[in-house]
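Student: Right, I'll just put the structure down here and ask away after.
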Number of protein chains: 2
Amino acid sequence: MTKALERREKLRVDLIQAAEGMIAERGLAGLKTRDLAREIGCANGAVYNLVADVDELVLLVGSRTLHRLDKALSAAESADAPSPQETLVRIAIAYCDFAAENLELWRALFEHRMAADKILPDWSVNDQLQLFRHIYQPLAQLLPKRSQEQFGITARSLFSAVHGMVALGLEQKLVAVPLPALRKEIANLVRAMIDGLVAREVKMIGGG
Amino acid sequence: MTKALERREKLRVDLIQAAEGMIAERGLAGLKTRDLAREIGCANGAVYNLVADVDELVLLVGSRTLHRLDKALSAAESADAPSPQETLVRIAIAYCDFAAENLELWRALFEHRMAADKILPDWSVNDQLQLFRHIYQPLAQLLPKRSQEQFGITARSLFSAVHGMVALGLEQKLVAVPLPALRKEIANLVRAMIDGLVAREVKMIGGG
DNA sequence: AATTTTTATTGAACGATGTTCAAGGTTCCT
DNA sequence: AGGAACCTTGAACATCGTTCAATAAAAATT
């Protein structure tokens with residue numbers, strides 16, 4: 001009972017790693033079941049014993065990517081910065097750096113679209129929601145008056161804005177932006193956003 | 001000499017319109033040459049007399065989408081707003097509304113990846129760069145001290161930040177955000193960003 | 001108007017791809 | 001050892017984008 005399962009488990013791990021490497025090297029569109037099978041040493045059809053379909057495989061790789069991203073953001077979060085504002089700047093830059101260093105894997109997180117009828121599993125949704133939590137603590141120090149709900153929305157907006165700068169900044173369709181310039185620009189705009197948010201927090205009583 | 005070319009031109013227009021409709025209805029992944037051929041009444045292979053390949057077709061549809069987006073942003077830009085800041089807010093919301101109303105076509109602009117060896121034509125690059133120009137004038141009124149280069153970078157950053165909020169906000173993978181809430185949140189963050197940028201403009205002499 | 005030359009259109013065929021499945025092999029329990 | 005349960009295989013299928021020899025149409029020439 002163990003021998004077969006062991007092999008299966010090992011193969012499954014190999015498969016996920018091979019898929020990760022293949023996406024990193026050739027992009028999401030370069031992921032091919034036959035190449036994967038050859039790489040891990042099994043038949044093409046055997047891939048479907050290890051995984052339901054490629055969608056699931058991409059989701060599994062995505063989960064690994066999200067966890068590595070999570071670690072990178074955690075490091076930036078807990079590094080001692082002079083202020084909550086600078087903590088947020090560091091998190092934003094950590095996000096940018098991670099995307100640049102893991103470009104294809106990071107892109108795969110957003111490029112991948114499942115067939116409309118299939119629903120994505122809970123663990124995958126959870127993985128994604130964890131990302132926002134990194135900016136909660138420093139942001140809470142800066143915006144203490146907001147309600148829990150307003151706060152969550154603001155956190156997501158801030159995250160999304162940085163994501164947009166990274167996404168378009170690393171896009172090669174438009175003029176490619178040199179990475180140091182992008183980092184600097186992200187730092188600038190994050191500082192400005194926070195300044196503005198804090199100033200508005202003071203001005204408003206009720207929020208809106 | 002005319003008869004054949006006329007038919008060709010008409011078919012080509014039909015093809016592009018059919019492709020546009022198909023992307024709008026079924027997404028970029030739902031675009032199929034055989035379905036297109038059936039829809040415009042020609043053989044599958046004939047598509048390649050009208051267009052080099054699917055990449056070019058997607059680019060042509062993208063060009064149309066960009067021009068419509070351009071018009072929507074122009075309207076927001078020239079609507080009389082109480083201040084340059086509010087003009088920028090309106091442009092941002094116009095971007096959000098366009099994306100929501102043209103979801104699949106708008107997504108196709110960013111989802112599409114050409115084969116790495118093919119270079120995308122000049123007219124396509126130009127189409128894209130035109131977008132940033134909409135926020136130049138109101139932003140210039142708010143940030144008069146910036147150099148031309150700093151200014152261009154800031155404009156792109158602001159645009160990218162809004163793009164990110166729209167992109168993640170309209171994504172269905174995460175919790176779907178209701179559109180009115182998204183619009184409100186975009187308005188909030190744009191105002192905050194501008195407040196912050198203006199405040200920083202005053203504080204700094206040289207820039208950075 | 002007839003014939004030749006040039007051009008356009010067709011749809012069958014090719015190569016790749018994700019996915020399935022009957023056939024054959026392996027492993028495990030008794 | 002023997003049989004039941006399970007696993008793996010690779011050929012086969014359906015669906016793509018794309019190509020191309022054959023066919024039809026148009027244009028040019030006589």
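Just remember, in the structure tokens the first chain shown is A, the second B, etc., residues are 1-based per chain, and ligands are 1-based in the order shown.
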Which residues, written as a list in words, have at least one atom at most 9 Å from DA25 in chain D, with only C-alpha atoms (C1' of nucleotides) counted and residues fewer than 6 positions away on the same chain left out?
Tutor: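 Contacts, in chain order: DT7, DA8 and DT9 of chain C.
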Student: Per residue of chain D within 8 Å of chain A, what are the shortest atom pair and its distance in Å to one decimal, counting only C-alpha atoms (C1' of nucleotides), with rows by chain and residue number, as JSON lines?
Tutor:
```
{"residue": "D:DC7", "atom": "C1'", "partner": "A:Ala4", "partner_atom": "CA", "distance": 8.0}
{"residue": "D:DT8", "atom": "C1'", "partner": "A:Ala46", "partner_atom": "CA", "distance": 6.5}
{"residue": "D:DT9", "atom": "C1'", "partner": "A:Ala43", "partner_atom": "CA", "distance": 6.3}
{"residue": "D:DG10", "atom": "C1'", "partner": "A:Ala43", "partner_atom": "CA", "distance": 7.1}
```
Student: Near chain A, meaning an atom within 10 Å, which residues of chain B appear when counting only C-alpha atoms? Write them as an MDAnalysis selection string.
Tutor: chainID B and resid 29 110:115 119:120 124:126 128:129 150 153:154 156:169 171 173:175 177 181:182 184:186 188:201 208
Student: Please compute the CA of Ala155 in chain A-CA of Leu88 in chain A distance, one decimal, in Å.
Tutor: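 Going from CA of Ala155 in chain A over to CA of Leu88 in chain A covers 10.7 Å.
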Student: For chain C, report every residue with an atom at most 12 Å from chain A (counting only C-alpha atoms (C1' of nucleotides)), formatted as a count of residues only.
Tutor: 10
Student: Work out how far C1' of DG15 in chain C is from CA of Glu39 in chain A, in Å to one decimal.
Tutor: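 So the two atoms, CA of Glu39 in chain A and C1' of DG15 in chain C, lie 21.4 Å apart.
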Student: Quick check for you: according to DSSP on this backbone, which residues of range 95-193 of chain A are classed as helix (DSSP H, G or I)? Reply as an mmCIF file with N, CA, C and O atoms, in the first residue's frame.
Tutor:
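Okay, this is what ended up in states-v6.cif:
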```cif
data_model
loop_
_atom_site.group_PDB
_atom_site.id
_atom_site.type_symbol
_atom_site.label_atom_id
_atom_site.label_comp_id
_atom_site.auth_asym_id
_atom_site.auth_seq_id
_atom_site.Cartn_x
_atom_site.Cartn_y
_atom_site.Cartn_z
ATOM 1 N N TYR A 95 7.171 43.874 -2.986
ATOM 2 C CA TYR A 95 6.247 43.323 -3.986
ATOM 3 C C TYR A 95 6.811 43.518 -5.388
ATOM 4 O O TYR A 95 6.826 42.589 -6.201
ATOM 5 N N CYS A 96 7.296 44.695 -5.638
ATOM 6 C CA CYS A 96 7.887 44.998 -6.942
ATOM 7 C C CYS A 96 9.075 44.082 -7.229
ATOM 8 O O CYS A 96 9.189 43.506 -8.315
ATOM 9 N N ASP A 97 9.945 43.947 -6.264
ATOM 10 C CA ASP A 97 11.140 43.112 -6.456
ATOM 11 C C ASP A 97 10.776 41.657 -6.694
ATOM 12 O O ASP A 97 11.348 40.988 -7.554
ATOM 13 N N PHE A 98 9.811 41.178 -5.925
ATOM 14 C CA PHE A 98 9.393 39.788 -6.110
ATOM 15 C C PHE A 98 8.851 39.575 -7.516
ATOM 16 O O PHE A 98 9.192 38.595 -8.185
ATOM 17 N N ALA A 99 8.034 40.505 -7.960
ATOM 18 C CA ALA A 99 7.460 40.382 -9.306
ATOM 19 C C ALA A 99 8.556 40.391 -10.364
ATOM 20 O O ALA A 99 8.533 39.616 -11.312
ATOM 21 N N ALA A 100 9.548 41.247 -10.159
ATOM 22 C CA ALA A 100 10.625 41.345 -11.146
ATOM 23 C C ALA A 100 11.472 40.083 -11.160
ATOM 24 O O ALA A 100 11.886 39.605 -12.216
ATOM 25 N N GLU A 101 11.714 39.522 -9.983
ATOM 26 C CA GLU A 101 12.571 38.338 -9.884
ATOM 27 C C GLU A 101 11.834 37.054 -10.239
ATOM 28 O O GLU A 101 12.458 36.031 -10.501
ATOM 29 N N LEU A 103 9.173 36.938 -12.575
ATOM 30 C CA LEU A 103 8.264 37.596 -13.504
ATOM 31 C C LEU A 103 7.194 36.668 -14.059
ATOM 32 O O LEU A 103 5.992 36.934 -13.921
ATOM 33 N N GLU A 104 7.600 35.549 -14.643
ATOM 34 C CA GLU A 104 6.614 34.690 -15.308
ATOM 35 C C GLU A 104 5.696 34.007 -14.299
ATOM 36 O O GLU A 104 4.508 33.833 -14.551
ATOM 37 N N LEU A 105 6.246 33.608 -13.173
ATOM 38 C CA LEU A 105 5.417 32.961 -12.154
ATOM 39 C C LEU A 105 4.415 33.956 -11.575
ATOM 40 O O LEU A 105 3.255 33.623 -11.316
ATOM 41 N N TRP A 106 4.891 35.168 -11.379
ATOM 42 C CA TRP A 106 4.003 36.200 -10.853
ATOM 43 C C TRP A 106 2.911 36.531 -11.877
ATOM 44 O O TRP A 106 1.736 36.632 -11.528
ATOM 45 N N ARG A 107 3.290 36.642 -13.145
ATOM 46 C CA ARG A 107 2.298 36.896 -14.188
ATOM 47 C C ARG A 107 1.263 35.787 -14.242
ATOM 48 O O ARG A 107 0.078 36.023 -14.463
ATOM 49 N N ALA A 108 1.749 34.549 -14.063
ATOM 50 C CA ALA A 108 0.836 33.404 -14.163
ATOM 51 C C ALA A 108 -0.302 33.525 -13.140
ATOM 52 O O ALA A 108 -1.417 33.053 -13.378
ATOM 53 N N LEU A 109 -0.033 34.151 -12.011
ATOM 54 C CA LEU A 109 -1.065 34.330 -10.993
ATOM 55 C C LEU A 109 -2.268 35.075 -11.548
ATOM 56 O O LEU A 109 -3.406 34.806 -11.177
ATOM 57 N N PHE A 110 -1.999 36.025 -12.440
ATOM 58 C CA PHE A 110 -3.082 36.881 -12.924
ATOM 59 C C PHE A 110 -3.535 36.520 -14.329
ATOM 60 O O PHE A 110 -4.668 36.798 -14.708
ATOM 61 N N GLU A 111 -2.646 35.909 -15.098
ATOM 62 C CA GLU A 111 -3.011 35.546 -16.471
ATOM 63 C C GLU A 111 -3.966 34.369 -16.504
ATOM 64 O O GLU A 111 -4.798 34.264 -17.391
ATOM 65 N N ASP A 122 -11.318 26.349 -2.289
ATOM 66 C CA ASP A 122 -11.214 27.265 -1.156
ATOM 67 C C ASP A 122 -9.776 27.627 -0.817
ATOM 68 O O ASP A 122 -9.463 28.779 -0.558
ATOM 69 N N TRP A 123 -8.907 26.608 -0.811
ATOM 70 C CA TRP A 123 -7.528 26.883 -0.403
ATOM 71 C C TRP A 123 -6.877 27.920 -1.305
ATOM 72 O O TRP A 123 -6.037 28.693 -0.872
ATOM 73 N N SER A 124 -7.305 27.937 -2.568
ATOM 74 C CA SER A 124 -6.719 28.901 -3.494
ATOM 75 C C SER A 124 -7.218 30.311 -3.189
ATOM 76 O O SER A 124 -6.459 31.280 -3.201
ATOM 77 N N VAL A 125 -8.502 30.421 -2.886
ATOM 78 C CA VAL A 125 -9.057 31.719 -2.527
ATOM 79 C C VAL A 125 -8.374 32.249 -1.271
ATOM 80 O O VAL A 125 -7.958 33.408 -1.198
ATOM 81 N N ASN A 126 -8.239 31.379 -0.290
ATOM 82 C CA ASN A 126 -7.594 31.772 0.958
ATOM 83 C C ASN A 126 -6.184 32.294 0.731
ATOM 84 O O ASN A 126 -5.800 33.331 1.241
ATOM 85 N N ASP A 127 -5.417 31.532 -0.061
ATOM 86 C CA ASP A 127 -4.054 31.952 -0.375
ATOM 87 C C ASP A 127 -4.008 33.406 -0.814
ATOM 88 O O ASP A 127 -3.136 34.174 -0.406
ATOM 89 N N GLN A 128 -4.981 33.752 -1.659
ATOM 90 C CA GLN A 128 -4.947 35.089 -2.230
ATOM 91 C C GLN A 128 -5.317 36.156 -1.210
ATOM 92 O O GLN A 128 -4.725 37.236 -1.186
ATOM 93 N N LEU A 129 -6.302 35.852 -0.385
ATOM 94 C CA LEU A 129 -6.749 36.856 0.573
ATOM 95 C C LEU A 129 -5.674 37.170 1.613
ATOM 96 O O LEU A 129 -5.661 38.247 2.191
ATOM 97 N N GLN A 130 -4.792 36.204 1.868
ATOM 98 C CA GLN A 130 -3.732 36.411 2.855
ATOM 99 C C GLN A 130 -2.847 37.600 2.496
ATOM 100 O O GLN A 130 -2.231 38.215 3.369
ATOM 101 N N LEU A 131 -2.743 37.893 1.221
ATOM 102 C CA LEU A 131 -1.800 38.938 0.797
ATOM 103 C C LEU A 131 -2.104 40.293 1.426
ATOM 104 O O LEU A 131 -1.203 41.014 1.849
ATOM 105 N N PHE A 132 -3.377 40.621 1.453
ATOM 106 C CA PHE A 132 -3.741 41.948 1.938
ATOM 107 C C PHE A 132 -3.369 42.159 3.399
ATOM 108 O O PHE A 132 -3.119 43.266 3.829
ATOM 109 N N ARG A 133 -3.319 41.069 4.134
ATOM 110 C CA ARG A 133 -3.146 41.217 5.577
ATOM 111 C C ARG A 133 -1.795 41.865 5.930
ATOM 112 O O ARG A 133 -1.647 42.438 7.003
ATOM 113 N N HIS A 134 -0.834 41.797 5.012
ATOM 114 C CA HIS A 134 0.491 42.339 5.319
ATOM 115 C C HIS A 134 0.487 43.837 5.564
ATOM 116 O O HIS A 134 1.350 44.348 6.274
ATOM 117 N N ILE A 135 -0.441 44.520 4.942
ATOM 118 C CA ILE A 135 -0.411 45.959 5.108
ATOM 119 C C ILE A 135 -1.379 46.430 6.187
ATOM 120 O O ILE A 135 -1.476 47.610 6.457
ATOM 121 N N TYR A 136 -2.063 45.479 6.815
ATOM 122 C CA TYR A 136 -3.037 45.857 7.839
ATOM 123 C C TYR A 136 -2.404 46.611 9.006
ATOM 124 O O TYR A 136 -2.836 47.699 9.376
ATOM 125 N N GLN A 137 -1.381 45.984 9.581
ATOM 126 C CA GLN A 137 -0.844 46.553 10.821
ATOM 127 C C GLN A 137 -0.270 47.959 10.638
ATOM 128 O O GLN A 137 -0.691 48.887 11.347
ATOM 129 N N PRO A 138 0.650 48.140 9.703
ATOM 130 C CA PRO A 138 1.184 49.504 9.551
ATOM 131 C C PRO A 138 0.109 50.508 9.132
ATOM 132 O O PRO A 138 0.126 51.660 9.576
ATOM 133 N N LEU A 139 -0.814 50.041 8.298
ATOM 134 C CA LEU A 139 -1.852 50.962 7.851
ATOM 135 C C LEU A 139 -2.785 51.338 9.008
ATOM 136 O O LEU A 139 -3.248 52.480 9.102
ATOM 137 N N ALA A 140 -3.026 50.390 9.893
ATOM 138 C CA ALA A 140 -3.904 50.655 11.037
ATOM 139 C C ALA A 140 -3.311 51.735 11.938
ATOM 140 O O ALA A 140 -4.032 52.550 12.515
ATOM 141 N N GLN A 141 -1.991 51.738 12.040
ATOM 142 C CA GLN A 141 -1.353 52.763 12.862
ATOM 143 C C GLN A 141 -1.538 54.153 12.262
ATOM 144 O O GLN A 141 -1.578 55.144 12.983
ATOM 145 N N LEU A 142 -1.633 54.180 10.928
ATOM 146 C CA LEU A 142 -1.735 55.475 10.254
ATOM 147 C C LEU A 142 -3.182 55.957 10.152
ATOM 148 O O LEU A 142 -3.440 57.159 10.090
ATOM 149 N N GLN A 148 -13.746 49.002 10.609
ATOM 150 C CA GLN A 148 -13.120 47.779 10.115
ATOM 151 C C GLN A 148 -13.349 47.622 8.608
ATOM 152 O O GLN A 148 -12.439 47.271 7.861
ATOM 153 N N GLU A 149 -14.543 47.923 8.168
ATOM 154 C CA GLU A 149 -14.878 47.695 6.770
ATOM 155 C C GLU A 149 -14.164 48.686 5.854
ATOM 156 O O GLU A 149 -13.554 48.305 4.859
ATOM 157 N N GLN A 150 -14.240 49.966 6.228
ATOM 158 C CA GLN A 150 -13.527 50.986 5.451
ATOM 159 C C GLN A 150 -12.049 50.648 5.350
ATOM 160 O O GLN A 150 -11.414 50.818 4.323
ATOM 161 N N PHE A 151 -11.550 50.164 6.465
ATOM 162 C CA PHE A 151 -10.131 49.875 6.550
ATOM 163 C C PHE A 151 -9.739 48.777 5.567
ATOM 164 O O PHE A 151 -8.753 48.895 4.827
ATOM 165 N N GLY A 152 -10.522 47.717 5.556
ATOM 166 C CA GLY A 152 -10.232 46.621 4.635
ATOM 167 C C GLY A 152 -10.244 47.086 3.189
ATOM 168 O O GLY A 152 -9.394 46.689 2.386
ATOM 169 N N ILE A 153 -11.205 47.930 2.864
ATOM 170 C CA ILE A 153 -11.303 48.438 1.497
ATOM 171 C C ILE A 153 -10.091 49.286 1.149
ATOM 172 O O ILE A 153 -9.503 49.162 0.078
ATOM 173 N N THR A 154 -9.703 50.150 2.086
ATOM 174 C CA THR A 154 -8.542 50.998 1.832
ATOM 175 C C THR A 154 -7.279 50.162 1.647
ATOM 176 O O THR A 154 -6.464 50.430 0.757
ATOM 177 N N ALA A 155 -7.141 49.148 2.484
ATOM 178 C CA ALA A 155 -5.966 48.284 2.361
ATOM 179 C C ALA A 155 -5.910 47.645 0.982
ATOM 180 O O ALA A 155 -4.868 47.615 0.334
ATOM 181 N N ARG A 156 -7.048 47.154 0.542
ATOM 182 C CA ARG A 156 -7.055 46.506 -0.769
ATOM 183 C C ARG A 156 -6.771 47.512 -1.875
ATOM 184 O O ARG A 156 -6.103 47.206 -2.866
ATOM 185 N N SER A 157 -7.281 48.715 -1.717
ATOM 186 C CA SER A 157 -7.042 49.728 -2.746
ATOM 187 C C SER A 157 -5.561 50.079 -2.842
ATOM 188 O O SER A 157 -5.007 50.189 -3.943
ATOM 189 N N LEU A 158 -4.957 50.238 -1.704
ATOM 190 C CA LEU A 158 -3.534 50.567 -1.681
ATOM 191 C C LEU A 158 -2.741 49.447 -2.341
ATOM 192 O O LEU A 158 -1.876 49.685 -3.188
ATOM 193 N N PHE A 159 -3.062 48.251 -1.974
ATOM 194 C CA PHE A 159 -2.383 47.095 -2.568
ATOM 195 C C PHE A 159 -2.588 47.075 -4.084
ATOM 196 O O PHE A 159 -1.641 46.891 -4.859
ATOM 197 N N SER A 160 -3.822 47.296 -4.499
ATOM 198 C CA SER A 160 -4.134 47.240 -5.924
ATOM 199 C C SER A 160 -3.398 48.320 -6.709
ATOM 200 O O SER A 160 -2.953 48.091 -7.837
ATOM 201 N N ALA A 161 -3.282 49.487 -6.105
ATOM 202 C CA ALA A 161 -2.602 50.585 -6.787
ATOM 203 C C ALA A 161 -1.140 50.227 -7.023
ATOM 204 O O ALA A 161 -0.592 50.433 -8.119
ATOM 205 N N VAL A 162 -0.503 49.666 -6.013
ATOM 206 C CA VAL A 162 0.894 49.246 -6.176
ATOM 207 C C VAL A 162 0.985 48.134 -7.225
ATOM 208 O O VAL A 162 1.860 48.141 -8.092
ATOM 209 N N HIS A 163 0.055 47.215 -7.144
ATOM 210 C CA HIS A 163 0.023 46.138 -8.136
ATOM 211 C C HIS A 163 -0.050 46.708 -9.556
ATOM 212 O O HIS A 163 0.656 46.242 -10.452
ATOM 213 N N GLY A 164 -0.868 47.703 -9.748
ATOM 214 C CA GLY A 164 -0.995 48.308 -11.072
ATOM 215 C C GLY A 164 0.303 48.930 -11.538
ATOM 216 O O GLY A 164 0.695 48.769 -12.699
ATOM 217 N N MET A 165 0.981 49.605 -10.655
ATOM 218 C CA MET A 165 2.269 50.210 -11.045
ATOM 219 C C MET A 165 3.277 49.144 -11.427
ATOM 220 O O MET A 165 4.028 49.286 -12.396
ATOM 221 N N VAL A 166 3.297 48.077 -10.669
ATOM 222 C CA VAL A 166 4.222 46.994 -10.985
ATOM 223 C C VAL A 166 3.829 46.321 -12.298
ATOM 224 O O VAL A 166 4.665 46.071 -13.170
ATOM 225 N N ALA A 167 2.539 46.069 -12.447
ATOM 226 C CA ALA A 167 2.063 45.349 -13.634
ATOM 227 C C ALA A 167 2.391 46.124 -14.909
ATOM 228 O O ALA A 167 2.968 45.570 -15.844
ATOM 229 N N LEU A 168 2.030 47.389 -14.950
ATOM 230 C CA LEU A 168 2.306 48.164 -16.164
ATOM 231 C C LEU A 168 3.793 48.509 -16.269
ATOM 232 O O LEU A 168 4.326 48.627 -17.358
ATOM 233 N N GLY A 169 4.444 48.648 -15.148
ATOM 234 C CA GLY A 169 5.866 48.967 -15.179
ATOM 235 C C GLY A 169 6.716 47.840 -15.734
ATOM 236 O O GLY A 169 7.707 48.075 -16.423
ATOM 237 N N LEU A 170 6.321 46.612 -15.437
ATOM 238 C CA LEU A 170 7.100 45.468 -15.917
ATOM 239 C C LEU A 170 6.621 44.976 -17.268
ATOM 240 O O LEU A 170 7.222 44.085 -17.858
ATOM 241 N N LEU A 179 14.225 48.954 -13.716
ATOM 242 C CA LEU A 179 13.740 48.563 -12.392
ATOM 243 C C LEU A 179 14.033 49.589 -11.300
ATOM 244 O O LEU A 179 13.147 49.909 -10.500
ATOM 245 N N PRO A 180 15.249 50.133 -11.231
ATOM 246 C CA PRO A 180 15.509 51.120 -10.163
ATOM 247 C C PRO A 180 14.574 52.324 -10.252
ATOM 248 O O PRO A 180 14.095 52.828 -9.228
ATOM 249 N N ALA A 181 14.289 52.747 -11.462
ATOM 250 C CA ALA A 181 13.370 53.877 -11.625
ATOM 251 C C ALA A 181 11.974 53.509 -11.143
ATOM 252 O O ALA A 181 11.295 54.314 -10.502
ATOM 253 N N LEU A 182 11.580 52.294 -11.440
ATOM 254 C CA LEU A 182 10.255 51.845 -11.005
ATOM 255 C C LEU A 182 10.169 51.796 -9.484
ATOM 256 O O LEU A 182 9.179 52.251 -8.892
ATOM 257 N N ARG A 183 11.206 51.256 -8.872
ATOM 258 C CA ARG A 183 11.204 51.193 -7.408
ATOM 259 C C ARG A 183 11.082 52.590 -6.807
ATOM 260 O O ARG A 183 10.316 52.827 -5.867
ATOM 261 N N LYS A 184 11.847 53.496 -7.347
ATOM 262 C CA LYS A 184 11.828 54.856 -6.827
ATOM 263 C C LYS A 184 10.448 55.483 -6.976
ATOM 264 O O LYS A 184 9.920 56.123 -6.060
ATOM 265 N N GLU A 185 9.855 55.228 -8.135
ATOM 266 C CA GLU A 185 8.556 55.818 -8.414
ATOM 267 C C GLU A 185 7.470 55.221 -7.515
ATOM 268 O O GLU A 185 6.570 55.924 -7.046
ATOM 269 N N ILE A 186 7.597 53.937 -7.258
ATOM 270 C CA ILE A 186 6.635 53.302 -6.357
ATOM 271 C C ILE A 186 6.751 53.897 -4.955
ATOM 272 O O ILE A 186 5.747 54.233 -4.315
ATOM 273 N N ALA A 187 7.980 54.044 -4.492
ATOM 274 C CA ALA A 187 8.189 54.647 -3.173
ATOM 275 C C ALA A 187 7.551 56.037 -3.122
ATOM 276 O O ALA A 187 6.850 56.377 -2.162
ATOM 277 N N ASN A 188 7.776 56.807 -4.162
ATOM 278 C CA ASN A 188 7.207 58.153 -4.223
ATOM 279 C C ASN A 188 5.692 58.137 -4.098
ATOM 280 O O ASN A 188 5.120 58.855 -3.276
ATOM 281 N N LEU A 189 5.071 57.320 -4.943
ATOM 282 C CA LEU A 189 3.613 57.361 -4.975
ATOM 283 C C LEU A 189 3.001 56.762 -3.718
ATOM 284 O O LEU A 189 1.957 57.230 -3.248
ATOM 285 N N VAL A 190 3.648 55.740 -3.148
ATOM 286 C CA VAL A 190 3.117 55.179 -1.901
ATOM 287 C C VAL A 190 3.164 56.239 -0.801
ATOM 288 O O VAL A 190 2.192 56.424 -0.057
ATOM 289 N N ARG A 191 4.277 56.932 -0.724
ATOM 290 C CA ARG A 191 4.376 57.992 0.296
ATOM 291 C C ARG A 191 3.297 59.043 0.073
ATOM 292 O O ARG A 191 2.637 59.495 1.017
ATOM 293 N N ALA A 192 3.108 59.418 -1.186
ATOM 294 C CA ALA A 192 2.098 60.430 -1.488
ATOM 295 C C ALA A 192 0.701 59.926 -1.132
ATOM 296 O O ALA A 192 -0.091 60.654 -0.526
ATOM 297 N N MET A 193 0.424 58.668 -1.489
ATOM 298 C CA MET A 193 -0.898 58.112 -1.189
ATOM 299 C C MET A 193 -1.162 58.134 0.307
ATOM 300 O O MET A 193 -2.244 58.509 0.762
#
```
Student: If you measure from CA of Ala72 in chain A to CA of Glu86 in chain A, what distance in Å do you get, rounded to one decimal?
Tutor: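 Distance reported for this atom pair: 16.0 Å.
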